[in-house]
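Some notes on the structure that comes next.
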Amino acid sequence: MIISKIEALPIRIPFRSGTRSDDSAWGDKNLAAADSLLVRVTTDQGIEGWGEAFGFRAVRSVKLAVDELIAPLCVGKDAGQIGPVMHDVYRKLQVFGRSGPLSYGISAVDIALWDIAGKVANLPLYRLLGGAGIDVPCYASLVRYSEPSLVRAGVMEAIGAGFRALKIHEMDLHAIRAAREACGSEVELMVDVNCAWTLNEALDIAAPLEELKLKWLEEPLWPPENWGGLAQLRAHCHIPVAAGENVSTLIDFDRMLAMEAVDYVQPSPAKMGGISVLREVFPIAAVRNVPVMPHSFYDGPGLLAAIHATAALGTKDSMIEWRAFNLEAHWYGDTFGPQAGRIPVPQGPGLGLEPDMNVIRDYRLPDG
Ligand SMILES: [Mg+2]
């Protein structure tokens with residue numbers, strides 16, 4: 001079974017107009033949509049596998065990496081030999097970097113090859129990985145609203161949808177306090193500041209944050225690889241720290257864990273090597289007793305990859321990140337999503353769900 005074609009499809013789905021997301025996502029009026037890069041791998045037997053690369057403003061750069069660097073190394077190879085194919089790609093492209101768009105593109109191809117492997121075996125991916133599961137715990141991941149009244153409304157909407165754990169992307173203390181006031185003390189609240197602070201700045205804000213009893217504070221420090229700083233922050237305050245979505249290699253995950261930088265580790269399947277690397281992070285995290293909370297700020301195959309890996313390899317603490325976006329259209333229809341804070345594990349072969357080709361047709365960006 002030979003890889004005959006690899007296509008990278010940039011997709012832009014706008015926020016539904018008139019929603020809070022439409023108004024205020026990340027405080028950026030220019031970001032009125034969610035961009036994704038879907039990757040379709042086709043075999044000579046006509047089997048299609050779907051992968052996803054990290055999106056936002058990176059989609060065209062990742063598409064170039066897939067089209068010009070990654071695909072030529074994969075087409076003509078045996079689709080069933082994921083390990084050797086990906087190893088060859090890593091070795092031949094390592095001079096161009098071990099993270100960023102190149103790694104995102106490799107991740108998408110890897111996920112698509114695992115989708116194909118599940119389809120060939122006629123097994124859902126979580127079973128191919130040796131697991132069992134009907135559903136997995138899930139938390140709502142909200143956009144950044146900035147304005148406390150919008151934060152409150154977003155939090156109440158997530159709670160109304162059945163979530164008992166949610167993450168906000170607010171950086172201002174007033175907005176963070178508004179979220180805790182809105183959700184009460186029983187709901188697990190996480191705060192993601194996307195590498196906003198120096199260590200000293202984080203230590204300054206730690207005291208008022210401690211009172212808010214966060215489940216975790218995510219990526220508090222700049223730069224993201226300041227794992228020594230994260231370890232110091234953990235030593236000086238009582239807020240659990242989460243990070244890892246910007247870690248790209250297994251060796252770096254091991255280094256970060258060895259430095260005791262995090263309470264929760266967050267590998268991102270559409271950034272750091274797909275299923276092949278994600279499944280290796282679970283055991284090295286388990287050795288150090290650190291729960292894996294996959295970064296799955298995705299709507300497509302990247303999300304499904306996280307669900308299957310977590311169902312197969314996660315502990316009872318692991319949760320899936322569900323992006324609480326109000327988008328015009330959904331890859332897998334309007335019915336796939338969390339219920340009462342748990343997300344179903346798709347039971348079809350491979351990733352278990354196929355993207356809606358009408359959505360791809362209607363929202364595909366021009367290639368140029
Ligand atoms: Mg994050």
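Within each chain, counting starts at residue 1; across the structure tokens, chains are named A, B, ... in the order shown, with ligands numbered 1 upward in that order.
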key: Contacts to ligand 1 at 12 Å cut-off (only C-alpha atoms and all ligand atoms) as a PyMOL selection string   = chain A and resi 141-144+167-170+190-196+216-221+224+241-247+264-268+293-298+321-323
Would you export the selected residues with N, CA and C atoms as a tab-separated table (two decimals), in the first residue's frame, please?
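Listed below is the output, result.tsv:
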chain	number	residue	atom	x	y	z
A	141	SER	N	-12.39	25.38	26.41
A	141	SER	CA	-11.29	26.32	26.27
A	141	SER	C	-11.83	27.57	25.55
A	142	LEU	N	-11.92	28.67	26.30
A	142	LEU	CA	-12.59	29.86	25.79
A	142	LEU	C	-11.61	30.78	25.06
A	143	VAL	N	-12.13	31.58	24.16
A	143	VAL	CA	-11.30	32.60	23.51
A	143	VAL	C	-10.98	33.70	24.53
A	144	ARG	N	-10.05	34.56	24.17
A	144	ARG	CA	-9.75	35.69	25.06
A	144	ARG	C	-10.73	36.82	24.78
A	167	LYS	N	-11.22	26.64	30.77
A	167	LYS	CA	-9.96	27.40	30.69
A	167	LYS	C	-10.21	28.72	30.00
A	168	ILE	N	-9.67	29.76	30.61
A	168	ILE	CA	-9.77	31.08	29.99
A	168	ILE	C	-8.38	31.50	29.53
A	169	HIS	N	-8.35	32.43	28.58
A	169	HIS	CA	-7.08	32.93	28.05
A	169	HIS	C	-6.91	34.40	28.43
A	170	GLU	N	-7.33	34.75	29.64
A	170	GLU	CA	-7.24	36.13	30.10
A	170	GLU	C	-5.90	36.38	30.79
A	190	MET	N	-8.94	26.98	34.82
A	190	MET	CA	-7.55	27.06	34.38
A	190	MET	C	-7.35	28.40	33.66
A	191	VAL	N	-6.13	28.92	33.75
A	191	VAL	CA	-5.82	30.19	33.09
A	191	VAL	C	-4.60	29.98	32.20
A	192	ASP	N	-4.73	30.35	30.93
A	192	ASP	CA	-3.65	30.23	29.96
A	192	ASP	C	-3.24	31.63	29.52
A	193	VAL	N	-1.99	32.01	29.81
A	193	VAL	CA	-1.56	33.36	29.43
A	193	VAL	C	-0.59	33.36	28.25
A	194	ASN	N	-0.38	32.20	27.62
A	194	ASN	CA	0.42	32.12	26.39
A	194	ASN	C	1.78	32.84	26.50
A	195	CYS	N	2.52	32.49	27.54
A	195	CYS	CA	3.91	32.96	27.69
A	195	CYS	C	4.01	34.47	27.89
A	196	ALA	N	3.17	35.02	28.77
A	196	ALA	CA	3.05	36.48	28.88
A	196	ALA	C	4.13	37.13	29.73
A	216	TRP	N	-4.77	24.99	37.10
A	216	TRP	CA	-3.41	25.22	36.63
A	216	TRP	C	-3.30	26.60	36.00
A	217	LEU	N	-2.05	27.09	35.96
A	217	LEU	CA	-1.68	28.29	35.22
A	217	LEU	C	-0.83	27.81	34.06
A	218	GLU	N	-1.26	28.19	32.83
A	218	GLU	CA	-0.64	27.59	31.63
A	218	GLU	C	0.31	28.56	30.96
A	219	GLU	N	1.46	28.05	30.59
A	219	GLU	CA	2.51	28.82	29.91
A	219	GLU	C	2.65	30.23	30.48
A	220	PRO	N	2.98	30.33	31.78
A	220	PRO	CA	3.09	31.67	32.37
A	220	PRO	C	4.31	32.45	31.88
A	221	LEU	N	5.38	31.76	31.44
A	221	LEU	CA	6.67	32.46	31.25
A	221	LEU	C	7.10	32.58	29.80
A	224	PRO	N	8.95	30.26	26.13
A	224	PRO	CA	8.28	29.01	26.53
A	224	PRO	C	9.24	27.94	27.01
A	241	VAL	N	1.41	24.39	37.57
A	241	VAL	CA	1.82	24.93	36.27
A	241	VAL	C	1.63	23.87	35.19
A	242	ALA	N	1.11	24.31	34.04
A	242	ALA	CA	0.96	23.44	32.87
A	242	ALA	C	1.72	24.06	31.70
A	243	ALA	N	2.35	23.24	30.89
A	243	ALA	CA	3.04	23.70	29.67
A	243	ALA	C	3.38	22.49	28.82
A	244	GLY	N	3.81	22.76	27.60
A	244	GLY	CA	4.26	21.68	26.73
A	244	GLY	C	3.75	21.78	25.31
A	245	GLU	N	2.77	22.68	25.05
A	245	GLU	CA	2.24	22.74	23.69
A	245	GLU	C	3.27	23.26	22.69
A	246	ASN	N	4.31	23.93	23.19
A	246	ASN	CA	5.37	24.41	22.30
A	246	ASN	C	6.67	23.64	22.45
A	247	VAL	N	6.58	22.45	23.01
A	247	VAL	CA	7.73	21.55	23.05
A	247	VAL	C	7.61	20.62	21.84
A	264	TYR	N	1.42	19.58	34.98
A	264	TYR	CA	0.67	18.94	33.89
A	264	TYR	C	1.44	19.19	32.59
A	265	VAL	N	1.56	18.13	31.78
A	265	VAL	CA	2.30	18.29	30.53
A	265	VAL	C	1.32	18.24	29.36
A	266	GLN	N	1.54	19.13	28.37
A	266	GLN	CA	0.54	19.37	27.33
A	266	GLN	C	1.09	19.18	25.91
A	267	PRO	N	1.42	17.95	25.53
A	267	PRO	CA	1.86	17.74	24.14
A	267	PRO	C	0.74	18.05	23.15
A	268	SER	N	1.13	18.59	22.01
A	268	SER	CA	0.15	19.03	21.02
A	268	SER	C	0.28	18.18	19.76
A	293	MET	N	-2.16	16.31	29.70
A	293	MET	CA	-3.37	17.06	29.29
A	293	MET	C	-3.12	17.55	27.87
A	294	PRO	N	-3.44	16.74	26.87
A	294	PRO	CA	-3.06	17.12	25.50
A	294	PRO	C	-3.58	18.51	25.13
A	295	HIS	N	-2.73	19.27	24.46
A	295	HIS	CA	-3.18	20.52	23.85
A	295	HIS	C	-3.96	20.12	22.61
A	296	SER	N	-5.25	20.40	22.60
A	296	SER	CA	-6.06	20.02	21.42
A	296	SER	C	-6.96	21.17	21.02
A	297	PHE	N	-6.32	22.33	20.85
A	297	PHE	CA	-7.05	23.54	20.45
A	297	PHE	C	-7.31	23.47	18.94
A	298	TYR	N	-8.00	22.40	18.55
A	298	TYR	CA	-8.25	22.10	17.14
A	298	TYR	C	-9.69	21.64	16.98
A	321	GLU	N	-8.96	19.12	25.62
A	321	GLU	CA	-9.29	20.55	25.47
A	321	GLU	C	-10.29	20.70	24.32
A	322	TRP	N	-11.45	21.27	24.62
A	322	TRP	CA	-12.49	21.49	23.61
A	322	TRP	C	-12.56	22.99	23.34
A	323	ARG	N	-12.29	23.36	22.09
A	323	ARG	CA	-12.24	24.77	21.73
A	323	ARG	C	-13.67	25.30	21.62
Strand (DSSP E) residues, from DSSP on the backbone, in region 187-322 of chain A, as number ranges by chain = A: 188-192, 216-218, 241-243, 264-265, 320-322
Could you please take those selected residues and save all heavy atoms as a short mmCIF file (atom, residue, chain, number, x, y, z; two decimals), in the first residue's frame?
data_model
loop_
_atom_site.label_atom_id
_atom_site.label_comp_id
_atom_site.auth_asym_id
_atom_site.auth_seq_id
_atom_site.Cartn_x
_atom_site.Cartn_y
_atom_site.Cartn_z
N GLU A 188 -13.67 23.64 38.08
CA GLU A 188 -12.22 23.73 37.89
C GLU A 188 -11.92 24.83 36.88
O GLU A 188 -12.47 24.82 35.76
CB GLU A 188 -11.66 22.39 37.39
CG GLU A 188 -11.76 21.30 38.45
CD GLU A 188 -11.13 20.00 38.01
OE1 GLU A 188 -11.30 19.62 36.83
OE2 GLU A 188 -10.46 19.37 38.83
N LEU A 189 -11.05 25.76 37.29
CA LEU A 189 -10.74 26.90 36.43
C LEU A 189 -9.24 26.90 36.11
O LEU A 189 -8.41 26.81 37.02
CB LEU A 189 -11.12 28.21 37.14
CG LEU A 189 -10.84 29.50 36.36
CD1 LEU A 189 -11.69 29.58 35.08
CD2 LEU A 189 -11.11 30.73 37.24
N MET A 190 -8.94 26.98 34.82
CA MET A 190 -7.55 27.06 34.38
C MET A 190 -7.35 28.40 33.66
O MET A 190 -8.29 28.92 33.04
CB MET A 190 -7.23 25.92 33.39
CG MET A 190 -7.29 24.53 34.02
SD MET A 190 -8.96 23.87 34.22
CE MET A 190 -9.21 23.09 32.63
N VAL A 191 -6.13 28.92 33.75
CA VAL A 191 -5.82 30.19 33.09
C VAL A 191 -4.60 29.98 32.20
O VAL A 191 -3.56 29.49 32.66
CB VAL A 191 -5.54 31.30 34.12
CG1 VAL A 191 -5.06 32.57 33.41
CG2 VAL A 191 -6.78 31.60 34.95
N ASP A 192 -4.73 30.35 30.93
CA ASP A 192 -3.65 30.23 29.96
C ASP A 192 -3.24 31.63 29.52
O ASP A 192 -4.06 32.36 28.95
CB ASP A 192 -4.16 29.42 28.75
CG ASP A 192 -3.08 29.14 27.71
OD1 ASP A 192 -1.96 29.68 27.86
OD2 ASP A 192 -3.37 28.39 26.76
N TRP A 216 -4.77 24.99 37.10
CA TRP A 216 -3.41 25.22 36.63
C TRP A 216 -3.30 26.60 36.00
O TRP A 216 -4.30 27.20 35.58
CB TRP A 216 -2.94 24.13 35.68
CG TRP A 216 -3.50 24.10 34.27
CD1 TRP A 216 -3.37 25.06 33.29
CD2 TRP A 216 -4.24 23.02 33.67
NE1 TRP A 216 -3.99 24.64 32.13
CE2 TRP A 216 -4.52 23.39 32.33
CE3 TRP A 216 -4.67 21.77 34.13
CZ2 TRP A 216 -5.24 22.57 31.46
CZ3 TRP A 216 -5.37 20.95 33.26
CH2 TRP A 216 -5.66 21.35 31.95
N LEU A 217 -2.05 27.09 35.96
CA LEU A 217 -1.68 28.29 35.22
C LEU A 217 -0.83 27.81 34.06
O LEU A 217 0.18 27.13 34.25
CB LEU A 217 -0.89 29.24 36.13
CG LEU A 217 -0.35 30.52 35.50
CD1 LEU A 217 -1.48 31.41 35.00
CD2 LEU A 217 0.51 31.29 36.52
N GLU A 218 -1.26 28.19 32.83
CA GLU A 218 -0.64 27.59 31.63
C GLU A 218 0.31 28.56 30.96
O GLU A 218 -0.03 29.73 30.73
CB GLU A 218 -1.77 27.17 30.67
CG GLU A 218 -1.28 26.49 29.40
CD GLU A 218 -2.45 25.85 28.65
OE1 GLU A 218 -3.41 25.38 29.31
OE2 GLU A 218 -2.41 25.84 27.41
N VAL A 241 1.41 24.39 37.57
CA VAL A 241 1.82 24.93 36.27
C VAL A 241 1.63 23.87 35.19
O VAL A 241 1.92 22.70 35.40
CB VAL A 241 3.30 25.38 36.33
CG1 VAL A 241 3.86 25.65 34.94
CG2 VAL A 241 3.45 26.61 37.22
N ALA A 242 1.11 24.31 34.04
CA ALA A 242 0.96 23.44 32.87
C ALA A 242 1.72 24.06 31.70
O ALA A 242 1.73 25.28 31.53
CB ALA A 242 -0.52 23.28 32.49
N ALA A 243 2.35 23.24 30.89
CA ALA A 243 3.04 23.70 29.67
C ALA A 243 3.38 22.49 28.82
O ALA A 243 3.25 21.35 29.27
CB ALA A 243 4.31 24.49 30.02
N TYR A 264 1.42 19.58 34.98
CA TYR A 264 0.67 18.94 33.89
C TYR A 264 1.44 19.19 32.59
O TYR A 264 1.90 20.30 32.34
CB TYR A 264 -0.74 19.54 33.75
CG TYR A 264 -1.59 19.39 34.98
CD1 TYR A 264 -1.74 20.46 35.87
CD2 TYR A 264 -2.23 18.19 35.27
CE1 TYR A 264 -2.51 20.32 37.02
CE2 TYR A 264 -3.00 18.05 36.41
CZ TYR A 264 -3.14 19.11 37.28
OH TYR A 264 -3.89 18.97 38.41
N VAL A 265 1.56 18.13 31.78
CA VAL A 265 2.30 18.29 30.53
C VAL A 265 1.32 18.24 29.36
O VAL A 265 0.38 17.45 29.36
CB VAL A 265 3.41 17.22 30.40
CG1 VAL A 265 2.86 15.80 30.38
CG2 VAL A 265 4.27 17.47 29.17
N ILE A 320 -9.38 16.32 27.73
CA ILE A 320 -9.28 16.86 26.38
C ILE A 320 -9.68 18.33 26.40
O ILE A 320 -10.61 18.73 27.11
CB ILE A 320 -10.21 16.07 25.42
CG1 ILE A 320 -9.72 14.64 25.25
CG2 ILE A 320 -10.36 16.77 24.08
CD1 ILE A 320 -8.37 14.51 24.58
N GLU A 321 -8.96 19.12 25.62
CA GLU A 321 -9.29 20.55 25.47
C GLU A 321 -10.29 20.70 24.32
O GLU A 321 -10.02 20.29 23.19
CB GLU A 321 -8.01 21.32 25.17
CG GLU A 321 -8.22 22.80 24.92
CD GLU A 321 -6.91 23.55 24.74
OE1 GLU A 321 -5.90 22.93 24.33
OE2 GLU A 321 -6.90 24.77 25.00
N TRP A 322 -11.45 21.27 24.62
CA TRP A 322 -12.49 21.49 23.61
C TRP A 322 -12.56 22.99 23.34
O TRP A 322 -12.87 23.79 24.23
CB TRP A 322 -13.85 20.98 24.08
CG TRP A 322 -14.99 21.38 23.18
CD1 TRP A 322 -15.87 22.42 23.38
CD2 TRP A 322 -15.39 20.77 21.95
NE1 TRP A 322 -16.78 22.49 22.35
CE2 TRP A 322 -16.51 21.50 21.45
CE3 TRP A 322 -14.90 19.69 21.20
CZ2 TRP A 322 -17.15 21.15 20.26
CZ3 TRP A 322 -15.53 19.36 20.00
CH2 TRP A 322 -16.64 20.08 19.55
#
All residues 10 Å or closer to Gly80 (chain A), only C-alpha atoms, same chain fewer than 4 positions away omitted, as a list in words =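 Result of the neighbour search: Met1, Ile2, Ile3, Thr43, Pro84, Val85, Leu113, Trp114, Ile116, Ala117 and Val120 of chain A.
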Writer output for current selection, N, CA and C atoms, as a tab-separated table (two decimals), in the first residue's frame:
chain	number	residue	atom	x	y	z
A	1	MET	N	0.86	-1.19	0.00
A	1	MET	CA	0.00	0.00	0.00
A	1	MET	C	0.90	1.24	0.00
A	2	ILE	N	0.90	1.90	-1.14
A	2	ILE	CA	1.86	2.98	-1.37
A	2	ILE	C	1.17	4.35	-1.22
A	3	ILE	N	1.89	5.29	-0.63
A	3	ILE	CA	1.38	6.68	-0.55
A	3	ILE	C	1.45	7.26	-1.96
A	43	THR	N	-3.70	6.63	-0.64
A	43	THR	CA	-2.85	5.50	-1.04
A	43	THR	C	-3.22	5.02	-2.44
A	84	PRO	N	9.37	3.96	9.92
A	84	PRO	CA	10.48	4.22	8.99
A	84	PRO	C	10.25	5.44	8.10
A	85	VAL	N	9.01	5.64	7.63
A	85	VAL	CA	8.74	6.80	6.75
A	85	VAL	C	9.00	8.10	7.52
A	113	LEU	N	-1.41	9.20	8.41
A	113	LEU	CA	-0.94	7.82	8.23
A	113	LEU	C	-1.52	6.89	9.30
A	114	TRP	N	-1.68	7.40	10.53
A	114	TRP	CA	-2.33	6.60	11.58
A	114	TRP	C	-3.81	6.40	11.27
A	116	ILE	N	-5.02	6.11	8.30
A	116	ILE	CA	-5.00	5.03	7.29
A	116	ILE	C	-4.75	3.68	7.96
A	117	ALA	N	-3.82	3.63	8.91
A	117	ALA	CA	-3.50	2.36	9.58
A	117	ALA	C	-4.75	1.80	10.28
A	120	VAL	N	-7.15	0.46	7.60
A	120	VAL	CA	-6.68	-0.83	7.06
A	120	VAL	C	-6.96	-1.95	8.06
request  = Find the residues near Ala175 (chain A): any atom within 10 Å, counting only C-alpha atoms, skip ones fewer than 5 places away on the same chain, and give them as number ranges by chain.
outcome  = A: 144-152, 168-170, 180-181
Taking N, CA and C atoms for each residue, export the selection above as an mmCIF file, in the first residue's frame.
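To be explicit, this is the file written out as selection.cif:
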data_model
loop_
_atom_site.group_PDB
_atom_site.id
_atom_site.type_symbol
_atom_site.label_atom_id
_atom_site.label_comp_id
_atom_site.auth_asym_id
_atom_site.auth_seq_id
_atom_site.Cartn_x
_atom_site.Cartn_y
_atom_site.Cartn_z
ATOM 1 N N ARG A 144 -10.050 34.559 24.174
ATOM 2 C CA ARG A 144 -9.748 35.694 25.056
ATOM 3 C C ARG A 144 -10.730 36.822 24.784
ATOM 4 N N TYR A 145 -11.471 37.190 25.830
ATOM 5 C CA TYR A 145 -12.456 38.261 25.687
ATOM 6 C C TYR A 145 -11.929 39.612 26.194
ATOM 7 N N SER A 146 -11.039 39.564 27.183
ATOM 8 C CA SER A 146 -10.436 40.750 27.807
ATOM 9 C C SER A 146 -11.412 41.506 28.708
ATOM 10 N N GLU A 147 -12.578 41.826 28.211
ATOM 11 C CA GLU A 147 -13.564 42.604 28.966
ATOM 12 C C GLU A 147 -14.268 41.688 29.983
ATOM 13 N N PRO A 148 -14.197 42.031 31.309
ATOM 14 C CA PRO A 148 -14.744 41.131 32.337
ATOM 15 C C PRO A 148 -16.202 40.713 32.114
ATOM 16 N N SER A 149 -17.043 41.622 31.612
ATOM 17 C CA SER A 149 -18.456 41.243 31.426
ATOM 18 C C SER A 149 -18.580 40.151 30.340
ATOM 19 N N LEU A 150 -17.743 40.234 29.309
ATOM 20 C CA LEU A 150 -17.762 39.201 28.266
ATOM 21 C C LEU A 150 -17.198 37.882 28.796
ATOM 22 N N VAL A 151 -16.183 37.995 29.656
ATOM 23 C CA VAL A 151 -15.616 36.787 30.270
ATOM 24 C C VAL A 151 -16.706 36.074 31.066
ATOM 25 N N ARG A 152 -17.426 36.847 31.891
ATOM 26 C CA ARG A 152 -18.511 36.259 32.700
ATOM 27 C C ARG A 152 -19.516 35.538 31.808
ATOM 28 N N ILE A 168 -9.674 29.764 30.614
ATOM 29 C CA ILE A 168 -9.771 31.079 29.994
ATOM 30 C C ILE A 168 -8.376 31.497 29.534
ATOM 31 N N HIS A 169 -8.352 32.430 28.576
ATOM 32 C CA HIS A 169 -7.078 32.928 28.052
ATOM 33 C C HIS A 169 -6.905 34.402 28.431
ATOM 34 N N GLU A 170 -7.327 34.746 29.639
ATOM 35 C CA GLU A 170 -7.240 36.130 30.095
ATOM 36 C C GLU A 170 -5.899 36.379 30.790
ATOM 37 N N ARG A 180 -13.671 33.552 37.916
ATOM 38 C CA ARG A 180 -13.861 32.758 39.143
ATOM 39 C C ARG A 180 -15.178 33.138 39.830
ATOM 40 N N GLU A 181 -15.494 34.413 39.857
ATOM 41 C CA GLU A 181 -16.767 34.826 40.478
ATOM 42 C C GLU A 181 -17.949 34.210 39.728
#
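Going from CA of Val95 (chain A) over to CA of Lys63 (chain A), you cover 18.5 Å.
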message = Measuring between only C-alpha atoms, which one of A:Pro355, A:Pro124, A:Gly341, A:Pro346 shows the shortest distance to Ala165 (chain A)?
response =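 Answer, going by the shortest atom-to-atom distance: A:Gly341.
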query = From the set A:Trp331, A:Trp222, A:Tyr90, A:Phe282, which residue has the shortest atom-to-atom contact distance to Asn358 (chain A), counting only C-alpha atoms?
reply =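 Among the listed residues, the smallest separation from Asn358 (chain A) belongs to A:Trp331.
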task = Report as a ChimeraX atom specification: the residues of region 125-228 of chain A with a DSSP assignment of alpha helix (DSSP H), based on the backbone of this structure.
result = /A:125-128,148-160,173-183,199-210,227-228
